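Structure first, commentary second.
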Amino acid sequence: MLSPRNPMQTEHFRARPAVRALLVLTMLGLSVRASAQEVTPPSEGTKQVAGRAELQAALADDEKTIAAPGVSQQTRDAKKAEAALIRQRLQEGDFQIGDQIALEVQGESTLTGTFTVGAGRILALPSLPDIPMSGILRSELPGFLTEQISRFIKDPQVRAKSLIRLSLLGGVGKQGFYQLPADMLLTDAIMTAGGPGGVVDWDKSKIMRGPDAIVSEGAFHQAIASGTTLDRLNLQAGDEVVVATSSKKDWFTKLRTYALIPGLIVSLYGVGKLAGVF
């Protein structure tokens, strides 16, 4: 069966330049919007927070890529940066001062609530000795707290979830500090801050840790498109998610203006003819 003829591909299509530009740029605009909104979710059954074995395997892969011949300097630098973040997680753990833990211990109201990791990376729970959180990964949190609480309560039923204190800045509806679940998608974190504001440039967005970009331009866009969680971006308390805005005017506003130009020219010509100018 013959496929329908596409008027954009036939040699008989003779649209005026302004119209062709309008059609092409409109399709590009739709493509950009799709990449920002139609995020591919993680596959079913995929853990949203990385375990120790998985981090060790990722580190080994990064080191293999760094040492491999023929790897571009850009790729090598990106893998070195990622490897450094993973090593830090494996050595120091995930919990920083200011992180919060949503804890539920069945039948224990005083141990159910949201608790903050304090100075020295210590978790203070009512009527229990301080719990050191150094070296603990987010994926290890439920088992670790169950072990600690079981020293004082028989067979506790524990549920625990980690929250990361992040700043969301730039092109978002409401800039500020947020306590966000570690297993939250980066896209959902942006929506928590009111969603993208203005004309967003995903290719120039990044995540900062102090003066360094730990998720660089381009990698941020990839994280948006692939549905990556905050944990899998190796984020920690104090990191800044900076959503860049474009300095250009809205292309759709421009296109509407350009689309009116041919009509304005015709109208001016008609007025000129009546006035005897032409």
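For the structure tokens, the naming scheme is as follows: chains receive sequential letters (A, B, ...) according to their order of presentation, residues are indexed from 1 within each chain, and ligands are indexed from 1 in presentation order.
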
With DSSP run on the backbone, what are the strand (DSSP E or B) residues within region 51-139 of chain A? I'd like them as a count of residues only. 16

List the spatial neighbours of Gly195 (chain A) as a list in words - criterion: any atom at most 6 Å away, only C-alpha atoms, same-chain residues fewer than 4 positions off excluded. Val172, Gly173, Ile190 and Met191 of chain A

With distances taken over only C-alpha atoms, the candidate from A:Thr112, A:Gln175, A:Ser246, A:Ser139 nearest Val158 (chain A) is A:Thr112

Would you list the contacts of Gly143 (chain A) as a ChimeraX atom specification, taking every protein, DNA or RNA residue within 10 Å and counting only C-alpha atoms, but skipping same-chain residues closer than 3 positions in sequence? /A:139-140,146-148,158-160

Write out as a short mmCIF file (atom, residue, chain, number, x, y, z; two decimals) with all heavy atoms, in the first residue's frame which residues come within 8 Å of region 87-103 of chain A when counting only C-alpha atoms, dropping same-chain ones fewer than 4 positions away.
data_model
loop_
_atom_site.label_atom_id
_atom_site.label_comp_id
_atom_site.auth_asym_id
_atom_site.auth_seq_id
_atom_site.Cartn_x
_atom_site.Cartn_y
_atom_site.Cartn_z
N ARG A 52 24.48 -0.17 47.77
CA ARG A 52 25.94 -0.12 47.83
C ARG A 52 26.58 -0.91 46.69
O ARG A 52 27.52 -0.44 46.04
CB ARG A 52 26.42 -0.63 49.19
CG ARG A 52 27.91 -0.41 49.44
CD ARG A 52 28.25 -0.70 50.89
NE ARG A 52 27.58 0.24 51.79
CZ ARG A 52 28.10 1.42 52.13
NH1 ARG A 52 29.28 1.80 51.65
NH2 ARG A 52 27.45 2.22 52.97
N LEU A 55 26.28 1.03 43.45
CA LEU A 55 27.21 2.15 43.40
C LEU A 55 28.64 1.66 43.13
O LEU A 55 29.39 2.28 42.36
CB LEU A 55 27.16 2.94 44.70
CG LEU A 55 25.90 3.78 44.93
CD1 LEU A 55 25.92 4.40 46.32
CD2 LEU A 55 25.77 4.86 43.87
N GLN A 56 29.00 0.56 43.76
CA GLN A 56 30.34 0.00 43.53
C GLN A 56 30.52 -0.44 42.08
O GLN A 56 31.57 -0.22 41.47
CB GLN A 56 30.59 -1.16 44.49
CG GLN A 56 30.74 -0.73 45.94
CD GLN A 56 30.75 -1.89 46.92
OE1 GLN A 56 30.24 -2.98 46.60
NE2 GLN A 56 31.29 -1.68 48.10
N LEU A 59 30.88 2.67 39.95
CA LEU A 59 32.22 3.23 40.11
C LEU A 59 33.23 2.44 39.28
O LEU A 59 34.10 3.03 38.62
CB LEU A 59 32.61 3.21 41.59
CG LEU A 59 34.01 3.72 41.93
CD1 LEU A 59 34.21 5.15 41.46
CD2 LEU A 59 34.27 3.61 43.44
N ALA A 83 32.56 9.61 39.19
CA ALA A 83 33.27 8.67 40.07
C ALA A 83 33.57 9.31 41.42
O ALA A 83 33.46 8.66 42.48
CB ALA A 83 34.56 8.19 39.41
N LEU A 111 7.87 7.89 68.07
CA LEU A 111 8.89 7.60 67.06
C LEU A 111 8.32 7.69 65.64
O LEU A 111 8.95 7.24 64.69
CB LEU A 111 9.49 6.22 67.29
CG LEU A 111 10.26 6.03 68.60
CD1 LEU A 111 10.75 4.59 68.72
CD2 LEU A 111 11.43 7.00 68.68
N THR A 112 7.16 8.26 65.52
CA THR A 112 6.53 8.43 64.22
C THR A 112 6.42 9.91 63.91
O THR A 112 5.83 10.68 64.67
CB THR A 112 5.13 7.79 64.20
OG1 THR A 112 5.26 6.37 64.42
CG2 THR A 112 4.44 8.03 62.87
N GLY A 113 7.06 10.32 62.82
CA GLY A 113 7.07 11.72 62.44
C GLY A 113 8.25 12.00 61.53
O GLY A 113 8.88 11.08 60.99
N THR A 114 8.57 13.27 61.39
CA THR A 114 9.70 13.69 60.56
C THR A 114 10.80 14.22 61.46
O THR A 114 10.57 15.15 62.25
CB THR A 114 9.28 14.77 59.55
OG1 THR A 114 8.22 14.26 58.72
CG2 THR A 114 10.44 15.16 58.66
N PHE A 115 11.98 13.66 61.34
CA PHE A 115 13.11 14.00 62.20
C PHE A 115 14.28 14.49 61.35
O PHE A 115 14.50 14.01 60.24
CB PHE A 115 13.53 12.79 63.04
CG PHE A 115 12.41 12.24 63.89
CD1 PHE A 115 11.60 11.21 63.41
CD2 PHE A 115 12.16 12.75 65.15
CE1 PHE A 115 10.57 10.70 64.17
CE2 PHE A 115 11.12 12.25 65.93
CZ PHE A 115 10.32 11.22 65.44
N THR A 116 15.03 15.45 61.90
CA THR A 116 16.11 16.10 61.16
C THR A 116 17.47 15.59 61.62
O THR A 116 17.72 15.43 62.83
CB THR A 116 16.04 17.63 61.34
OG1 THR A 116 14.76 18.09 60.91
CG2 THR A 116 17.11 18.33 60.54
N VAL A 117 18.35 15.36 60.66
CA VAL A 117 19.74 14.99 60.96
C VAL A 117 20.45 16.25 61.46
O VAL A 117 20.50 17.27 60.76
CB VAL A 117 20.44 14.42 59.72
CG1 VAL A 117 21.90 14.11 60.04
CG2 VAL A 117 19.72 13.17 59.22
N GLY A 118 21.00 16.16 62.67
CA GLY A 118 21.61 17.33 63.29
C GLY A 118 23.12 17.37 63.17
O GLY A 118 23.73 16.63 62.38
N ALA A 119 23.72 18.25 63.97
CA ALA A 119 25.17 18.43 63.96
C ALA A 119 25.89 17.12 64.20
O ALA A 119 25.45 16.30 65.02
CB ALA A 119 25.56 19.46 65.01
N GLY A 120 26.98 16.91 63.48
CA GLY A 120 27.72 15.67 63.60
C GLY A 120 27.05 14.51 62.88
O GLY A 120 27.42 13.36 63.09
N ARG A 121 26.06 14.83 62.05
CA ARG A 121 25.28 13.81 61.33
C ARG A 121 24.66 12.82 62.31
O ARG A 121 24.73 11.60 62.15
CB ARG A 121 26.15 13.07 60.31
CG ARG A 121 26.74 13.95 59.24
CD ARG A 121 27.39 13.10 58.17
NE ARG A 121 28.15 13.92 57.24
CZ ARG A 121 28.80 13.44 56.19
NH1 ARG A 121 28.78 12.14 55.94
NH2 ARG A 121 29.47 14.23 55.40
N MET A 133 24.65 8.79 61.71
CA MET A 133 24.21 8.48 60.35
C MET A 133 25.37 8.48 59.34
O MET A 133 25.15 8.24 58.16
CB MET A 133 23.16 9.50 59.92
CG MET A 133 21.90 9.52 60.78
SD MET A 133 21.04 7.93 60.80
CE MET A 133 20.57 7.76 59.09
N SER A 134 26.57 8.74 59.79
CA SER A 134 27.72 8.76 58.87
C SER A 134 27.91 7.38 58.25
O SER A 134 27.83 6.35 58.95
CB SER A 134 28.99 9.17 59.61
OG SER A 134 28.88 10.50 60.09
N GLY A 135 28.18 7.34 56.96
CA GLY A 135 28.46 6.09 56.27
C GLY A 135 27.23 5.33 55.82
O GLY A 135 27.36 4.30 55.16
N ILE A 136 26.03 5.82 56.13
CA ILE A 136 24.80 5.10 55.80
C ILE A 136 24.23 5.64 54.48
O ILE A 136 24.07 6.84 54.32
CB ILE A 136 23.75 5.24 56.92
CG1 ILE A 136 24.34 4.81 58.26
CG2 ILE A 136 22.50 4.43 56.58
CD1 ILE A 136 24.84 3.39 58.28
N LEU A 137 23.92 4.73 53.57
CA LEU A 137 23.28 5.11 52.32
C LEU A 137 21.76 5.19 52.51
O LEU A 137 21.21 4.58 53.42
CB LEU A 137 23.60 4.11 51.22
CG LEU A 137 25.07 3.95 50.84
CD1 LEU A 137 25.23 2.83 49.81
CD2 LEU A 137 25.63 5.26 50.30
N ARG A 138 21.11 5.90 51.62
CA ARG A 138 19.65 6.01 51.71
C ARG A 138 18.98 4.64 51.55
O ARG A 138 17.98 4.36 52.20
CB ARG A 138 19.13 6.97 50.64
CG ARG A 138 19.67 8.38 50.79
CD ARG A 138 19.12 9.32 49.73
NE ARG A 138 19.81 10.61 49.80
CZ ARG A 138 20.68 11.05 48.90
NH1 ARG A 138 20.95 10.31 47.83
NH2 ARG A 138 21.26 12.21 49.04
N VAL A 158 9.26 -0.98 61.21
CA VAL A 158 9.80 0.34 60.87
C VAL A 158 9.66 0.64 59.39
O VAL A 158 9.96 -0.21 58.54
CB VAL A 158 11.29 0.43 61.27
CG1 VAL A 158 11.89 1.78 60.86
CG2 VAL A 158 11.46 0.20 62.77
N ARG A 159 9.20 1.84 59.11
CA ARG A 159 9.20 2.36 57.75
C ARG A 159 9.93 3.70 57.78
O ARG A 159 9.67 4.54 58.64
CB ARG A 159 7.77 2.55 57.22
CG ARG A 159 6.98 1.27 57.10
CD ARG A 159 5.57 1.52 56.62
NE ARG A 159 5.55 2.11 55.28
CZ ARG A 159 4.44 2.51 54.67
NH1 ARG A 159 3.27 2.42 55.28
NH2 ARG A 159 4.51 3.01 53.45
N ALA A 160 10.88 3.89 56.84
CA ALA A 160 11.68 5.12 56.86
C ALA A 160 11.95 5.57 55.43
O ALA A 160 12.21 4.76 54.54
CB ALA A 160 12.99 4.89 57.59
N LYS A 161 11.89 6.88 55.25
CA LYS A 161 12.14 7.46 53.94
C LYS A 161 12.98 8.71 54.11
O LYS A 161 12.71 9.54 54.99
CB LYS A 161 10.81 7.81 53.26
CG LYS A 161 10.93 8.17 51.79
CD LYS A 161 9.54 8.25 51.16
CE LYS A 161 9.64 8.41 49.65
NZ LYS A 161 8.30 8.41 49.01
N SER A 162 13.99 8.87 53.25
CA SER A 162 14.89 10.00 53.39
C SER A 162 14.45 11.16 52.51
O SER A 162 13.96 10.98 51.40
CB SER A 162 16.32 9.59 53.02
OG SER A 162 16.36 9.08 51.69
N LEU A 163 14.64 12.38 53.03
CA LEU A 163 14.36 13.62 52.32
C LEU A 163 15.65 14.41 52.19
O LEU A 163 16.46 14.44 53.12
CB LEU A 163 13.31 14.45 53.07
CG LEU A 163 12.01 13.73 53.45
CD1 LEU A 163 11.13 14.65 54.30
CD2 LEU A 163 11.25 13.31 52.20
N ILE A 164 15.83 15.06 51.02
CA ILE A 164 17.04 15.84 50.77
C ILE A 164 16.68 17.33 50.78
O ILE A 164 15.70 17.74 50.16
CB ILE A 164 17.67 15.50 49.41
CG1 ILE A 164 17.76 14.00 49.19
CG2 ILE A 164 19.06 16.13 49.30
CD1 ILE A 164 18.25 13.63 47.80
N ARG A 165 17.50 18.12 51.44
CA ARG A 165 17.30 19.58 51.46
C ARG A 165 18.00 20.19 50.25
O ARG A 165 19.23 20.25 50.19
CB ARG A 165 17.85 20.17 52.76
CG ARG A 165 17.73 21.68 52.87
CD ARG A 165 18.20 22.17 54.24
NE ARG A 165 19.54 21.68 54.54
CZ ARG A 165 20.67 22.26 54.11
NH1 ARG A 165 20.60 23.34 53.36
NH2 ARG A 165 21.84 21.78 54.44
N GLN A 179 12.51 20.30 51.03
CA GLN A 179 12.85 18.96 51.51
C GLN A 179 12.13 17.98 50.58
O GLN A 179 10.91 17.88 50.61
CB GLN A 179 12.41 18.77 52.95
CG GLN A 179 13.21 19.56 53.98
CD GLN A 179 14.55 18.92 54.31
OE1 GLN A 179 14.88 17.85 53.83
NE2 GLN A 179 15.34 19.58 55.16
N ASN A 234 23.12 11.49 42.47
CA ASN A 234 24.13 11.62 43.54
C ASN A 234 24.03 12.95 44.28
O ASN A 234 25.04 13.52 44.69
CB ASN A 234 25.55 11.44 42.97
CG ASN A 234 25.75 10.10 42.32
OD1 ASN A 234 25.52 9.07 42.93
ND2 ASN A 234 26.18 10.10 41.06
N GLN A 236 23.03 15.67 47.33
CA GLN A 236 23.05 15.69 48.78
C GLN A 236 22.56 17.06 49.25
O GLN A 236 22.34 17.97 48.46
CB GLN A 236 24.47 15.44 49.31
CG GLN A 236 25.46 16.55 49.01
CD GLN A 236 26.84 16.31 49.62
OE1 GLN A 236 27.27 15.16 49.74
NE2 GLN A 236 27.52 17.37 49.99
N ALA A 237 22.37 17.17 50.57
CA ALA A 237 21.83 18.40 51.15
C ALA A 237 22.68 19.60 50.74
O ALA A 237 23.91 19.54 50.77
CB ALA A 237 21.77 18.28 52.66
#

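The closest residue to Lys79 (chain A), picked from A:Arg209, A:Glu108, A:Ile214, A:His221 and counting only C-alpha atoms, is A:Ile214.
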
Give the answer as one residue: which of A:Ile153, A:Leu145, A:Ile207, A:Val200 has the shortest atom-to-atom distance to Leu166 (chain A), using only C-alpha atoms?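 Distance minimum relative to Leu166 (chain A) lands on A:Ile207.
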
Show which residues sit within 12 Å of Gly194 (chain A), as a list in words. Count only C-alpha atoms, and ignore same-chain residues fewer than 5 positions away. Leu168, Leu169, Gly170, Gly171, Val172, Gly173, Lys174, Gln175, Gly176, Tyr178, Thr187, Asp188 and Ala189 of chain A

Write the residues you've just listed into a file as an mmCIF file, in the first residue's frame, and include C-alpha atoms for each of them.
data_model
loop_
_atom_site.group_PDB
_atom_site.id
_atom_site.type_symbol
_atom_site.label_atom_id
_atom_site.label_comp_id
_atom_site.auth_asym_id
_atom_site.auth_seq_id
_atom_site.Cartn_x
_atom_site.Cartn_y
_atom_site.Cartn_z
ATOM 1 C CA LEU A 168 15.485 25.119 43.378
ATOM 2 C CA LEU A 169 16.480 28.295 41.589
ATOM 3 C CA GLY A 170 16.149 30.105 38.286
ATOM 4 C CA GLY A 171 13.319 29.375 35.904
ATOM 5 C CA VAL A 172 10.854 27.782 38.339
ATOM 6 C CA GLY A 173 7.536 29.110 39.578
ATOM 7 C CA LYS A 174 8.652 29.460 43.203
ATOM 8 C CA GLN A 175 12.350 29.544 44.063
ATOM 9 C CA GLY A 176 13.423 28.392 47.503
ATOM 10 C CA TYR A 178 12.730 22.248 49.619
ATOM 11 C CA THR A 187 11.044 16.527 36.826
ATOM 12 C CA ASP A 188 8.727 16.119 39.828
ATOM 13 C CA ALA A 189 11.125 18.175 41.968
#

Selected residue of minimal separation from Ala50 (chain A) among A:Gly198, A:Leu141, A:Thr110, A:Gln222, counting only C-alpha atoms: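 Ranked by minimum distance to Ala50 (chain A), first place goes to A:Leu141.
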
Have a look at CA of Met208 (chain A) and CA of Val242 (chain A) and let me know their distance in Å, one decimal. 7.3 Å

Step one, run DSSP on the backbone; step two, keep only residues of region 19-261 of chain A assigned to alpha helix (DSSP H); then write them as an MDAnalysis selection string. chainID A and resid 19:37 52:67 73:92 141:149 186:192 219:226 251:261

Using C-alpha atoms, can you export the residues from the last selection as a compact mmCIF listing (two decimals), in the first residue's frame?
# COMPACT_ATOMS: atom_id res chain seq x y z
CA VAL A 19 5.08 30.21 5.85
CA ARG A 20 7.77 27.54 5.53
CA ALA A 21 9.67 29.09 8.44
CA LEU A 22 6.48 29.15 10.50
CA LEU A 23 5.80 25.46 9.87
CA VAL A 24 9.36 24.30 10.54
CA LEU A 25 9.85 26.32 13.72
CA THR A 26 6.42 25.35 15.03
CA MET A 27 7.34 21.68 14.67
CA LEU A 28 10.64 22.34 16.44
CA GLY A 29 8.77 24.07 19.25
CA LEU A 30 6.45 21.08 19.62
CA SER A 31 9.49 18.80 19.78
CA VAL A 32 11.05 20.88 22.57
CA ARG A 33 7.80 20.87 24.54
CA ALA A 34 7.50 17.11 24.17
CA SER A 35 11.01 16.55 25.50
CA ALA A 36 10.21 18.68 28.54
CA GLN A 37 6.83 17.15 29.34
CA ARG A 52 25.94 -0.12 47.83
CA ALA A 53 26.63 -2.93 45.36
CA GLU A 54 25.11 -0.90 42.53
CA LEU A 55 27.21 2.15 43.40
CA GLN A 56 30.34 0.00 43.53
CA ALA A 57 29.53 -1.44 40.10
CA ALA A 58 28.90 2.04 38.69
CA LEU A 59 32.22 3.23 40.11
CA ALA A 60 34.02 0.29 38.51
CA ASP A 61 32.39 1.09 35.16
CA ASP A 62 33.43 4.73 35.43
CA GLU A 63 37.02 3.80 36.24
CA LYS A 64 37.09 1.40 33.30
CA THR A 65 35.88 4.13 30.95
CA ILE A 66 38.41 6.62 32.34
CA ALA A 67 41.28 4.22 31.70
CA GLN A 73 38.38 14.15 27.03
CA GLN A 74 34.83 15.40 27.59
CA THR A 75 33.59 11.88 28.40
CA ARG A 76 36.64 11.19 30.54
CA ASP A 77 36.10 14.36 32.59
CA ALA A 78 32.39 13.57 33.04
CA LYS A 79 33.19 10.05 34.28
CA LYS A 80 35.86 11.38 36.65
CA ALA A 81 33.34 13.80 38.17
CA GLU A 82 30.72 11.07 38.54
CA ALA A 83 33.27 8.67 40.07
CA ALA A 84 34.23 11.29 42.66
CA LEU A 85 30.59 11.71 43.71
CA ILE A 86 30.10 7.95 44.03
CA ARG A 87 33.29 7.53 46.09
CA GLN A 88 32.08 10.24 48.45
CA ARG A 89 28.75 8.48 48.89
CA LEU A 90 30.39 5.12 49.58
CA GLN A 91 32.84 6.59 52.10
CA GLU A 92 30.71 9.19 53.90
CA LEU A 141 18.11 3.47 55.95
CA PRO A 142 15.11 1.19 56.76
CA GLY A 143 17.26 -1.78 57.73
CA PHE A 144 19.72 0.36 59.68
CA LEU A 145 17.03 2.11 61.72
CA THR A 146 15.24 -1.18 62.35
CA GLU A 147 18.48 -2.57 63.77
CA GLN A 148 19.07 0.49 65.95
CA ILE A 149 15.51 0.70 67.30
CA LEU A 186 14.06 15.48 38.89
CA THR A 187 11.04 16.53 36.83
CA ASP A 188 8.73 16.12 39.83
CA ALA A 189 11.13 18.17 41.97
CA ILE A 190 10.82 21.03 39.47
CA MET A 191 7.03 20.71 39.49
CA THR A 192 7.10 20.92 43.31
CA ALA A 219 23.53 15.99 31.47
CA PHE A 220 20.66 17.88 33.12
CA HIS A 221 18.59 17.67 29.95
CA GLN A 222 19.35 13.95 29.71
CA ALA A 223 18.22 13.47 33.32
CA ILE A 224 14.95 15.23 32.49
CA ALA A 225 14.38 13.10 29.39
CA SER A 226 15.27 9.75 30.98
CA TRP A 251 9.60 31.82 19.53
CA PHE A 252 5.85 31.39 19.26
CA THR A 253 5.34 35.11 19.83
CA LYS A 254 7.91 35.83 17.14
CA LEU A 255 6.31 33.43 14.75
CA ARG A 256 2.92 34.99 15.18
CA THR A 257 4.49 38.36 14.40
CA TYR A 258 6.31 37.02 11.34
CA ALA A 259 3.15 35.33 10.10
CA LEU A 260 1.42 38.72 10.01
CA ILE A 261 4.14 40.41 7.94

Which distance in Å separates CA of Trp202 (chain A) and CA of Ala244 (chain A), to one decimal?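 Those two atoms sit 6.6 Å apart.
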